[in-house]
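Shown next: run.txt, containing compact mmCIF, C-alpha atoms.
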```txt
# COMPACT_ATOMS: atom_id res chain seq x y z
CA MET W 1 -51.17 -52.97 16.05
CA ILE W 2 -53.85 -50.40 16.85
CA VAL W 3 -54.33 -48.06 19.80
CA GLN W 4 -57.96 -46.97 20.17
CA LYS W 5 -59.08 -44.34 22.66
CA TYR W 6 -62.70 -43.94 23.80
CA GLY W 7 -63.82 -40.76 25.53
CA GLY W 8 -66.08 -40.41 28.55
CA SER W 9 -69.31 -39.95 26.56
CA SER W 10 -68.49 -43.10 24.53
CA VAL W 11 -68.25 -45.26 27.67
CA ALA W 12 -70.93 -43.46 29.70
CA SER W 13 -73.08 -46.59 30.24
CA ILE W 14 -72.82 -50.39 30.32
CA GLU W 15 -74.82 -50.51 27.08
CA LYS W 16 -72.28 -48.27 25.33
CA ILE W 17 -69.33 -50.24 26.68
CA GLU W 18 -70.87 -53.52 25.50
CA ALA W 19 -71.59 -52.03 22.06
CA ILE W 20 -67.92 -51.00 21.73
CA ALA W 21 -66.79 -54.48 22.78
CA GLN W 22 -69.07 -56.10 20.20
CA ASN W 23 -67.80 -53.73 17.50
CA ILE W 24 -64.18 -54.52 18.38
CA LYS W 25 -64.96 -58.25 18.22
CA GLN W 26 -66.45 -57.89 14.74
CA THR W 27 -64.01 -55.43 13.15
CA VAL W 28 -60.53 -55.55 14.75
CA LYS W 29 -58.29 -58.34 13.52
CA GLU W 30 -54.99 -57.00 14.91
CA LYS W 31 -53.44 -56.79 18.34
CA LEU W 32 -55.22 -53.96 20.13
CA ILE W 33 -54.70 -51.52 22.98
CA VAL W 34 -57.83 -49.72 24.18
CA VAL W 35 -57.39 -46.53 26.22
CA VAL W 36 -60.49 -45.38 28.12
CA SER W 37 -61.62 -42.25 29.93
CA ALA W 38 -63.85 -42.25 33.01
CA MET W 39 -67.54 -42.92 32.40
CA GLY W 40 -69.60 -39.82 31.56
CA LYS W 41 -69.43 -37.21 34.31
CA THR W 42 -67.53 -39.45 36.75
CA THR W 43 -64.48 -37.15 37.01
CA ASN W 44 -66.64 -34.09 37.73
CA ASN W 45 -68.61 -36.04 40.35
CA LEU W 46 -65.40 -37.19 42.06
CA ILE W 47 -64.10 -33.61 42.14
CA SER W 48 -67.39 -32.47 43.73
CA LEU W 49 -67.08 -35.18 46.38
CA ALA W 50 -63.55 -34.04 47.19
CA GLN W 51 -64.59 -30.38 47.35
CA SER W 52 -67.42 -31.25 49.73
CA ILE W 53 -64.65 -32.12 52.20
CA GLN W 54 -61.94 -29.64 51.21
CA LYS W 55 -62.56 -26.52 49.11
CA GLU W 56 -59.08 -26.98 47.65
CA PRO W 57 -58.38 -30.72 47.95
CA ASN W 58 -54.88 -32.03 48.57
CA LYS W 59 -53.49 -32.62 45.06
CA ARG W 60 -51.94 -35.99 45.84
CA GLU W 61 -55.15 -37.34 47.35
CA LEU W 62 -57.21 -35.86 44.50
CA ASP W 63 -55.06 -37.71 41.96
CA HIS W 64 -55.60 -40.97 43.85
CA LEU W 65 -59.35 -40.33 43.88
CA LEU W 66 -59.69 -39.29 40.22
CA SER W 67 -57.65 -42.26 38.99
CA THR W 68 -60.44 -44.59 40.15
CA GLY W 69 -62.74 -43.28 37.40
CA GLU W 70 -60.60 -44.65 34.57
CA GLN W 71 -59.95 -47.88 36.48
CA GLN W 72 -63.70 -48.45 36.62
CA SER W 73 -64.02 -47.95 32.85
CA ALA W 74 -61.02 -50.17 32.07
CA SER W 75 -62.23 -53.08 34.20
CA LEU W 76 -65.75 -52.92 32.77
CA MET W 77 -64.44 -52.71 29.21
CA ALA W 78 -62.18 -55.73 29.77
CA MET W 79 -65.16 -57.68 31.16
CA ALA W 80 -67.31 -56.70 28.17
CA LEU W 81 -64.59 -57.82 25.75
CA GLN W 82 -64.14 -61.11 27.59
CA LYS W 83 -67.91 -61.65 27.42
CA VAL W 84 -67.84 -61.56 23.59
CA GLY W 85 -64.79 -63.79 23.36
CA VAL W 86 -61.92 -61.29 23.13
CA ASP W 87 -58.91 -62.21 25.27
CA ALA W 88 -58.53 -58.91 27.14
CA ILE W 89 -56.95 -57.71 30.37
CA SER W 90 -57.16 -54.29 32.07
CA LEU W 91 -54.16 -52.30 33.31
CA ASN W 92 -53.98 -49.12 35.34
CA GLY W 93 -51.31 -46.51 34.76
CA ILE W 94 -48.88 -48.13 37.20
CA GLU W 95 -49.32 -51.61 35.70
CA ALA W 96 -48.89 -50.20 32.18
CA GLY W 97 -45.56 -48.70 33.20
CA ILE W 98 -46.49 -45.09 32.40
CA LYS W 99 -43.89 -43.06 34.30
CA THR W 100 -44.55 -39.36 34.82
CA THR W 101 -43.22 -36.25 36.49
CA LYS W 102 -44.31 -35.49 40.07
CA THR W 103 -46.68 -32.62 39.23
CA HIS W 104 -50.03 -33.77 40.60
CA GLY W 105 -52.97 -32.77 38.43
CA LYS W 106 -50.87 -32.00 35.37
CA ALA W 107 -48.06 -34.55 35.21
CA LEU W 108 -46.00 -35.07 32.06
CA ILE W 109 -45.26 -38.53 30.67
CA LYS W 110 -41.54 -39.37 30.93
CA SER W 111 -41.52 -42.97 29.67
CA ILE W 112 -43.67 -46.02 28.90
CA ASN W 113 -42.63 -49.62 29.58
CA THR W 114 -43.20 -50.86 26.03
CA LYS W 115 -41.28 -54.09 26.74
CA LYS W 116 -43.93 -55.06 29.28
CA LEU W 117 -46.80 -54.08 26.97
CA PHE W 118 -45.39 -56.07 24.04
CA SER W 119 -44.93 -59.05 26.37
CA LEU W 120 -48.55 -58.87 27.54
CA LEU W 121 -49.76 -58.61 23.93
CA GLN W 122 -48.10 -61.96 23.24
CA LYS W 123 -50.36 -63.46 25.90
CA HIS W 124 -53.53 -61.45 25.23
CA ASP W 125 -55.24 -60.04 22.15
CA CYS W 126 -56.25 -56.78 23.83
CA LEU W 127 -54.96 -54.58 26.63
CA VAL W 128 -57.39 -52.09 28.16
CA ILE W 129 -55.38 -49.26 29.71
CA THR W 130 -56.59 -46.41 31.88
CA GLY W 131 -56.15 -43.01 30.26
CA PHE W 132 -55.29 -39.80 32.09
CA GLN W 133 -52.94 -41.35 34.64
CA GLY W 134 -49.49 -42.73 35.41
CA CYS W 135 -47.10 -42.86 38.33
CA THR W 136 -43.87 -41.31 39.52
CA HIS W 137 -40.58 -43.20 39.78
CA ASP W 138 -41.48 -44.23 43.35
CA GLY W 139 -44.96 -45.48 42.35
CA THR W 140 -47.12 -42.52 43.44
CA ILE W 141 -50.25 -42.13 41.30
CA THR W 142 -50.45 -38.99 39.15
CA THR W 143 -52.94 -37.63 36.64
CA LEU W 144 -52.21 -35.80 33.38
CA GLY W 145 -54.91 -33.13 33.50
CA ARG W 146 -58.02 -32.60 31.38
CA GLY W 147 -57.75 -34.31 28.00
CA GLY W 148 -55.11 -36.62 29.45
CA SER W 149 -56.59 -39.77 27.90
CA ASP W 150 -55.87 -38.38 24.41
CA THR W 151 -52.28 -37.87 25.51
CA THR W 152 -52.06 -41.39 26.96
CA ALA W 153 -53.30 -42.92 23.70
CA THR W 154 -50.99 -40.95 21.41
CA ALA W 155 -48.01 -41.53 23.70
CA ILE W 156 -48.59 -45.30 23.73
CA ALA W 157 -49.13 -45.39 19.96
CA SER W 158 -45.98 -43.33 19.40
CA ALA W 159 -43.88 -45.46 21.74
CA MET W 160 -45.09 -48.72 20.16
CA ASN W 161 -45.16 -47.52 16.54
CA ALA W 162 -48.89 -48.33 16.32
CA LYS W 163 -51.88 -46.81 14.55
CA CYS W 164 -53.77 -44.30 16.68
CA GLU W 165 -57.55 -43.92 16.57
CA ILE W 166 -59.45 -41.47 18.79
CA TYR W 167 -63.19 -42.13 19.10
CA THR W 168 -65.69 -39.69 20.55
CA ASP W 169 -69.28 -38.50 20.09
CA VAL W 170 -68.44 -36.27 17.09
CA GLU W 171 -67.98 -37.59 13.59
CA ALA W 172 -64.97 -35.53 12.54
CA ILE W 173 -63.24 -32.15 12.76
CA TYR W 174 -65.14 -29.36 11.00
CA SER W 175 -64.39 -25.91 9.61
CA VAL W 176 -66.62 -24.52 12.38
CA ASN W 177 -68.22 -26.19 15.38
CA PRO W 178 -71.44 -27.68 13.88
CA ALA W 179 -73.31 -26.51 16.98
CA ARG W 180 -72.53 -22.93 15.90
CA HIS W 181 -73.02 -23.40 12.14
CA LYS W 182 -75.11 -26.31 10.85
CA ASN W 183 -73.55 -26.28 7.36
CA ALA W 184 -69.95 -26.52 8.56
CA LYS W 185 -67.63 -28.44 6.24
CA LYS W 186 -66.01 -31.68 7.34
CA LEU W 187 -62.22 -31.59 7.10
CA ASN W 188 -60.76 -34.85 5.79
CA GLU W 189 -57.08 -34.17 6.50
CA LEU W 190 -55.30 -31.64 8.68
CA SER W 191 -51.70 -31.03 9.67
CA PHE W 192 -50.48 -31.36 13.25
CA ASN W 193 -49.74 -27.62 13.34
CA THR W 194 -53.25 -26.67 12.21
CA VAL W 195 -54.99 -28.86 14.80
CA LEU W 196 -52.58 -27.64 17.48
CA GLU W 197 -53.54 -24.05 16.67
CA MET W 198 -57.23 -24.98 16.69
CA ALA W 199 -56.95 -26.65 20.10
CA SER W 200 -55.06 -23.73 21.62
CA ALA W 201 -57.67 -21.34 20.18
CA GLY W 202 -60.50 -23.12 22.00
CA ALA W 203 -61.68 -25.78 19.54
CA LYS W 204 -62.46 -28.93 21.52
CA VAL W 205 -61.02 -31.39 19.02
CA LEU W 206 -57.95 -33.05 20.54
CA ASP W 207 -55.86 -32.28 23.60
CA GLU W 208 -52.92 -29.99 22.81
CA ARG W 209 -50.41 -32.27 24.52
CA ALA W 210 -51.65 -35.26 22.54
CA ILE W 211 -51.07 -33.41 19.27
CA GLU W 212 -47.61 -32.30 20.40
CA VAL W 213 -46.64 -35.93 21.12
CA ALA W 214 -48.05 -37.13 17.79
CA LYS W 215 -46.22 -34.36 15.93
CA LYS W 216 -42.91 -35.13 17.65
CA TYR W 217 -43.04 -38.80 16.67
CA GLY W 218 -44.94 -38.45 13.37
CA THR W 219 -47.85 -40.55 14.65
CA LYS W 220 -50.85 -40.27 12.35
CA ILE W 221 -54.14 -39.85 14.24
CA TYR W 222 -57.61 -40.78 13.05
CA LEU W 223 -60.49 -39.00 14.80
CA GLY W 224 -64.00 -40.38 14.30
CA LYS W 225 -67.32 -41.21 15.85
CA THR W 226 -67.62 -44.20 18.14
CA LEU W 227 -68.93 -47.34 16.38
CA CYS W 228 -68.50 -45.79 12.92
CA ASN W 229 -66.11 -48.09 11.04
CA ASP W 230 -66.06 -46.04 7.84
CA HIS W 231 -62.86 -44.00 8.16
CA SER W 232 -63.79 -41.83 5.19
CA LYS W 233 -66.26 -40.10 7.52
CA GLY W 234 -63.66 -38.98 10.06
CA THR W 235 -60.56 -36.76 10.01
CA TYR W 236 -56.89 -37.70 9.75
CA VAL W 237 -54.32 -35.54 11.55
CA MET W 238 -50.85 -36.03 10.15
CA ASP W 239 -47.57 -34.47 9.07
CA LYS W 240 -48.55 -32.44 6.01
CA ASN W 241 -46.63 -29.79 4.09
CA PHE W 242 -48.60 -26.75 2.95
CA MET W 243 -45.72 -24.73 1.51
CA GLU W 244 -46.90 -21.24 0.55
CA GLN W 245 -50.54 -22.30 0.60
CA VAL W 246 -52.99 -19.51 1.48
CA GLU W 247 -56.18 -20.75 3.05
CA VAL W 248 -58.52 -20.38 6.03
CA LYS W 249 -59.32 -23.87 7.33
CA ASN W 250 -61.18 -23.32 10.57
CA ILE W 251 -62.92 -20.81 12.84
CA SER W 252 -62.41 -21.51 16.55
CA VAL W 253 -64.16 -19.70 19.38
CA ARG W 254 -63.23 -19.19 23.02
CA GLU W 255 -66.09 -17.73 25.06
CA ASN W 256 -66.17 -15.85 28.36
CA VAL W 257 -62.73 -14.32 28.13
CA CYS W 258 -61.47 -11.08 29.62
CA LEU W 259 -58.97 -8.66 28.06
CA MET W 260 -56.55 -7.09 30.52
CA LYS W 261 -54.34 -4.13 29.55
CA LEU W 262 -51.74 -3.08 32.11
CA GLU W 263 -49.20 -0.26 32.29
CA THR W 264 -45.99 -1.13 34.10
CA GLN W 265 -42.22 -0.89 33.77
CA LYS W 266 -41.93 -4.38 35.24
CA ILE W 267 -43.19 -6.49 32.34
CA SER W 268 -41.03 -9.49 33.25
CA GLN W 269 -42.40 -9.46 36.80
CA VAL W 270 -45.98 -9.51 35.47
CA ILE W 271 -45.19 -12.50 33.26
CA PHE W 272 -43.46 -14.27 36.16
CA VAL W 273 -46.54 -13.82 38.39
CA LEU W 274 -48.84 -15.14 35.66
CA GLN W 275 -46.63 -18.17 35.11
CA LYS W 276 -46.71 -18.95 38.83
CA LEU W 277 -50.51 -18.95 38.57
CA ASN W 278 -50.18 -21.41 35.66
CA GLN W 279 -51.89 -18.94 33.32
CA ASN W 280 -51.48 -19.22 29.56
CA LEU W 281 -50.46 -15.89 28.03
CA GLU W 282 -52.94 -15.81 25.16
CA MET W 283 -53.02 -12.94 22.65
CA LEU W 284 -50.05 -11.43 24.46
CA THR W 285 -48.82 -8.09 23.14
CA ILE W 286 -46.17 -5.79 24.62
CA ASN W 287 -45.79 -2.16 23.51
CA GLU W 288 -43.21 -0.27 25.56
CA ASP W 289 -44.77 -0.18 29.07
CA ILE W 290 -48.14 -1.65 28.04
CA ILE W 291 -48.82 -5.39 28.28
CA SER W 292 -52.11 -6.87 27.03
CA PHE W 293 -53.41 -10.42 27.25
CA ILE W 294 -56.63 -12.37 27.65
CA CYS W 295 -57.64 -14.77 30.40
CA LYS W 296 -60.66 -16.81 31.34
CA LYS W 297 -63.32 -14.72 33.05
CA GLU W 298 -63.23 -16.90 36.18
CA HIS W 299 -59.49 -16.24 36.57
CA GLN W 300 -59.71 -12.45 36.40
CA LYS W 301 -59.97 -11.74 40.14
CA THR W 302 -57.21 -14.22 40.97
CA ILE W 303 -54.90 -12.48 38.50
CA GLU W 304 -55.79 -9.00 39.76
CA ASN W 305 -55.08 -10.04 43.35
CA ALA W 306 -51.74 -11.61 42.37
CA LEU W 307 -50.64 -8.44 40.54
CA LYS W 308 -51.42 -6.11 43.47
CA ASP W 309 -47.92 -6.55 44.90
CA ILE W 310 -46.25 -5.13 41.80
CA GLN W 311 -45.40 -1.50 42.48
CA ASN W 312 -46.57 1.27 40.13
CA LEU W 313 -48.71 -1.09 38.09
CA LYS W 314 -51.72 0.63 36.54
CA VAL W 315 -54.73 -1.16 35.09
CA GLU W 316 -55.37 0.63 31.80
CA LYS W 317 -58.40 -1.36 30.69
CA ILE W 318 -60.40 -4.50 31.45
CA LEU W 319 -62.92 -5.70 28.88
CA GLU W 320 -65.48 -8.32 29.87
CA GLU W 321 -68.33 -10.11 28.06
CA ILE W 322 -66.17 -10.73 25.01
CA SER W 323 -65.33 -13.71 22.79
CA ARG W 324 -62.09 -14.65 21.08
CA ILE W 325 -62.49 -15.60 17.42
CA THR W 326 -59.55 -17.33 15.73
CA LEU W 327 -59.07 -18.05 12.05
CA VAL W 328 -56.70 -21.01 11.57
CA GLY W 329 -54.97 -21.72 8.27
CA TYR W 330 -51.87 -20.82 6.29
CA GLY W 331 -50.18 -17.75 4.84
CA PHE W 332 -51.78 -15.04 6.98
CA ALA W 333 -48.60 -13.06 7.63
CA THR W 334 -47.37 -13.13 4.02
CA HIS W 335 -50.78 -12.43 2.47
CA PRO W 336 -52.29 -9.34 4.17
CA GLN W 337 -55.35 -9.56 1.90
CA ILE W 338 -56.83 -12.11 4.32
CA VAL W 339 -56.72 -9.59 7.17
CA CYS W 340 -57.84 -6.75 4.90
CA ASP W 341 -60.89 -8.70 3.67
CA MET W 342 -61.86 -9.61 7.22
CA LEU W 343 -61.56 -6.05 8.57
CA THR W 344 -63.50 -4.62 5.62
CA LYS W 345 -66.31 -7.12 6.16
CA MET W 346 -66.46 -6.46 9.90
CA GLU W 347 -66.61 -2.72 9.27
CA CYS W 348 -69.53 -3.20 6.85
CA LYS W 349 -71.37 -5.24 9.50
CA LYS W 350 -70.57 -2.66 12.19
CA ILE W 351 -68.72 -5.26 14.25
CA ASP W 352 -65.94 -3.68 16.33
CA ILE W 353 -62.60 -5.50 16.52
CA LEU W 354 -61.38 -4.94 20.09
CA HIS W 355 -57.93 -6.53 19.93
CA LEU W 356 -56.11 -8.39 17.14
CA VAL W 357 -53.04 -10.65 17.04
CA GLN W 358 -51.72 -12.28 13.85
CA THR W 359 -49.22 -15.06 13.12
CA GLU W 360 -48.43 -17.00 9.93
CA THR W 361 -51.09 -19.60 10.78
CA THR W 362 -53.64 -17.74 12.95
CA LEU W 363 -55.59 -14.52 13.10
CA SER W 364 -57.16 -13.97 16.53
CA PHE W 365 -59.38 -11.07 17.48
CA LEU W 366 -61.90 -10.11 20.13
CA VAL W 367 -65.54 -9.10 19.68
CA LYS W 368 -68.34 -8.34 22.09
CA LYS W 369 -70.20 -11.48 23.16
CA GLU W 370 -73.43 -10.16 21.62
CA LYS W 371 -71.71 -10.00 18.20
CA GLU W 372 -70.26 -13.53 18.30
CA LYS W 373 -72.94 -15.30 16.21
CA GLU W 374 -73.03 -12.59 13.56
CA THR W 375 -69.23 -12.60 13.36
CA ILE W 376 -69.10 -16.36 12.78
CA LYS W 377 -71.84 -16.19 10.16
CA THR W 378 -69.99 -13.39 8.34
CA LEU W 379 -66.65 -15.25 8.38
CA VAL W 380 -68.23 -18.51 7.18
CA SER W 381 -69.67 -16.65 4.21
CA LEU W 382 -66.47 -14.70 3.51
CA TYR W 383 -64.12 -17.70 3.52
CA LYS W 384 -66.68 -20.26 2.24
CA LEU W 385 -66.37 -22.48 5.30
```
Represent the structure of the file as structure tokens.
Amino acid sequence: MIVQKYGGSSVASIEKIEAIAQNIKQTVKEKLIVVVSAMGKTTNNLISLAQSIQKEPNKRELDHLLSTGEQQSASLMAMALQKVGVDAISLNGIEAGIKTTKTHGKALIKSINTKKLFSLLQKHDCLVITGFQGCTHDGTITTLGRGGSDTTATAIASAMNAKCEIYTDVEAIYSVNPARHKNAKKLNELSFNTVLEMASAGAKVLDERAIEVAKKYGTKIYLGKTLCNDHSKGTYVMDKNFMEQVEVKNISVRENVCLMKLETQKISQVIFVLQKLNQNLEMLTINEDIISFICKKEHQKTIENALKDIQNLKVEKILEEISRITLVGYGFATHPQIVCDMLTKMECKKIDILHLVQTETTLSFLVKKEKEKETIKTLVSLYKL
């Protein structure tokens, strides 16, 4: 059994949907579950419609509205498959038995009714299931958040012990985003941990939650370009052991971030406020009464306003127009030569490192936005990426 997921750009038009259906007809000889995203920019358009009525739309109603995007894709894909002779039926999140928590806009999958899905696969050759959505115990529609279709696909594949294939408009995962460096190397195999670090560092490869599910259940993921049936051209993400290996595998970039450095004796209160705002604490460092972290530029004012109620809090520094560069690999903490080489090279190029955080598998640092391209070029050369 195979679970295939097709992203929004892959199903952006009737022509693309029909091409996928024809390819499935010609190449897939197993029972198949197809998970689809909304067509093209449908989700963004639906959000704009909602915001034309309410600046901050009711979350329950927004979930109901956004879920229609994937239902459109699923129905059209099922029709296209039926047209070429594939016995297919479409299912929304409720019909597929995808039960979630009650958090609208970012619900978590609690269970999947695999008994029902296996039963339907005895009657049909293909199930087309809406990604990105499910329902609560009482049947209320929920959505999983951005990248939720990846999570739907990996969760279904994990629950049904099936192969998992994610198709998009990129051919594979690379050492650097090819849009930033044209000679980036294709990566044939990566561990769950490496791809998880890449995703959290800003690389738009797979959704973090999808990787976490796959890692938990040991579900191997293939990522490749839509309509390319040669799997040697894509990337496999799997459970791999890199014991004591020392290597830089990837450079990930997160643009338009802001560094905030605060002085306060109420560190726990600051973290509590940020968690209530649903803010990820990236590059977090605490040194006595100083707490530093980065946030998205558009969230800066919201965070500042939320922190105003904390007494005796002093803003030490705010740096804007900066980019976060992250090296992802293995052995960084135990082999300081990696950091030493990088710092020496940056010093030679007169590139200032504004803030640096290191773990065993990542080395993240901040540079001025104007130095981003030169930094990437220097790192690619240094680590032969």
Closest of W:Leu227, W:Met283, W:Ile53, W:Leu354 to Ile24 of chain W - atom-to-atom distances counting only C-alpha atoms
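Among the listed residues, W:Leu227 lies closest to Ile24 of chain W.
Taking atom CA of Glu165 of chain W and atom CA of Tyr6 of chain W as endpoints, the distance between them is 8.9 Å.
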May I ask which of the residues W:Ala74, W:Met346, W:Ile2, W:Leu277 is the closest one to Ile17 of chain W, counting only C-alpha atoms?
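Distance minimum relative to Ile17 of chain W lands on W:Ala74.
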Env of Val367 of chain W: 12 Å cut, atoms = all atoms listed in the file, seq-sep filter 6 positions within chain, self excluded. Answer as a PyMOL selection string.
chain W and resi 253-259+319-326+346+350-356+373-376
Give me the residues near Gly8 of chain W as an mmCIF file with C-alpha atoms, in the frame of the given file, where near means some atom within 8 Å (using all atoms listed in the file) and where sequence neighbours in that chain fewer than 3 positions away do not count.
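Produced file out.cif, reproduced below:
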```cif
data_model
loop_
_atom_site.group_PDB
_atom_site.id
_atom_site.type_symbol
_atom_site.label_atom_id
_atom_site.label_comp_id
_atom_site.auth_asym_id
_atom_site.auth_seq_id
_atom_site.Cartn_x
_atom_site.Cartn_y
_atom_site.Cartn_z
ATOM 1 C CA VAL W 11 -68.250 -45.260 27.670
ATOM 2 C CA ALA W 12 -70.930 -43.460 29.700
ATOM 3 C CA VAL W 36 -60.490 -45.380 28.120
ATOM 4 C CA SER W 37 -61.620 -42.250 29.930
ATOM 5 C CA ALA W 38 -63.850 -42.250 33.010
ATOM 6 C CA MET W 39 -67.540 -42.920 32.400
ATOM 7 C CA GLY W 40 -69.600 -39.820 31.560
ATOM 8 C CA LYS W 41 -69.430 -37.210 34.310
#
```
Could you check how far atom CA of Thr359 of chain W sits from atom CA of Phe332 of chain W, in Å to one decimal?
6.7 Å
Pick from W:Lys106, W:Lys55, W:Lys225, W:His181 nearest to Gln4 of chain W, counting only C-alpha atoms:
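Of the candidates, the smallest distance to Gln4 of chain W is held by W:Lys225.
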Segment 290-296 of chain W surroundings by all atoms listed in the file, 8 Å radius, close-in-sequence under 2 positions cut, as a PyMOL selection string:
chain W and resi 256-264+267+279-288+298-300
Taking into account only C-alpha atoms, which residue in the set W:Lys377, W:Lys233, W:Arg60, W:Lys345 is nearest to Ala107 of chain W?
W:Arg60
Grab the atom CA of Cys164 of chain W to atom CA of Ser10 of chain W distance for me, in Å with one decimal place.
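Value for the atom CA of Cys164 of chain W-atom CA of Ser10 of chain W distance: 16.7 Å.
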Which polymer residues have any atom within 12 Å of an atom of Asn58 of chain W, counting all atoms listed in the file, with same-chain residues fewer than 5 positions away left out, as an MDAnalysis selection string?
chainID W and resid 47 50:51 53 63:65 104:105
Among listed residues W:Ser175, W:Gln269, W:Gln122, W:Ser48, nearest Asp309 of chain W (using all atoms listed in the file)
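Of W:Ser175, W:Gln269, W:Gln122, W:Ser48, the one nearest Asp309 of chain W, counting all atoms listed in the file, is W:Gln269.
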Just checking: using only C-alpha atoms, which residue out of W:Lys116, W:Lys266, W:Lys25, W:Lys240 ends up closest to Met160 of chain W?
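Once distances to Met160 of chain W are computed over only C-alpha atoms, the minimum belongs to W:Lys116.
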Could you tell me, as a PyMOL selection string, which residues have any atom at most 10 Å from (-54.0, -54.4, 16.3), counting all atoms listed in the file?
chain W and resi 1-4+28-34+121+125-126+162-163
Nearby residues, (-55.2, -37.9, 15.3) file frame, 9 Å, all atoms listed in the file, as a PDB file with C-alpha atoms, in the frame of the given file:
```
ATOM      1  CA  THR W 154     -50.990 -40.950  21.410  1.00  0.00           C
ATOM      2  CA  CYS W 164     -53.770 -44.300  16.680  1.00  0.00           C
ATOM      3  CA  GLU W 165     -57.550 -43.920  16.570  1.00  0.00           C
ATOM      4  CA  ILE W 166     -59.450 -41.470  18.790  1.00  0.00           C
ATOM      5  CA  PHE W 192     -50.480 -31.360  13.250  1.00  0.00           C
ATOM      6  CA  LEU W 206     -57.950 -33.050  20.540  1.00  0.00           C
ATOM      7  CA  ALA W 210     -51.650 -35.260  22.540  1.00  0.00           C
ATOM      8  CA  ILE W 211     -51.070 -33.410  19.270  1.00  0.00           C
ATOM      9  CA  ALA W 214     -48.050 -37.130  17.790  1.00  0.00           C
ATOM     10  CA  THR W 219     -47.850 -40.550  14.650  1.00  0.00           C
ATOM     11  CA  LYS W 220     -50.850 -40.270  12.350  1.00  0.00           C
ATOM     12  CA  ILE W 221     -54.140 -39.850  14.240  1.00  0.00           C
ATOM     13  CA  TYR W 222     -57.610 -40.780  13.050  1.00  0.00           C
ATOM     14  CA  LEU W 223     -60.490 -39.000  14.800  1.00  0.00           C
ATOM     15  CA  THR W 235     -60.560 -36.760  10.010  1.00  0.00           C
ATOM     16  CA  TYR W 236     -56.890 -37.700   9.750  1.00  0.00           C
ATOM     17  CA  VAL W 237     -54.320 -35.540  11.550  1.00  0.00           C
ATOM     18  CA  MET W 238     -50.850 -36.030  10.150  1.00  0.00           C
TER      19      MET W 238
END
```
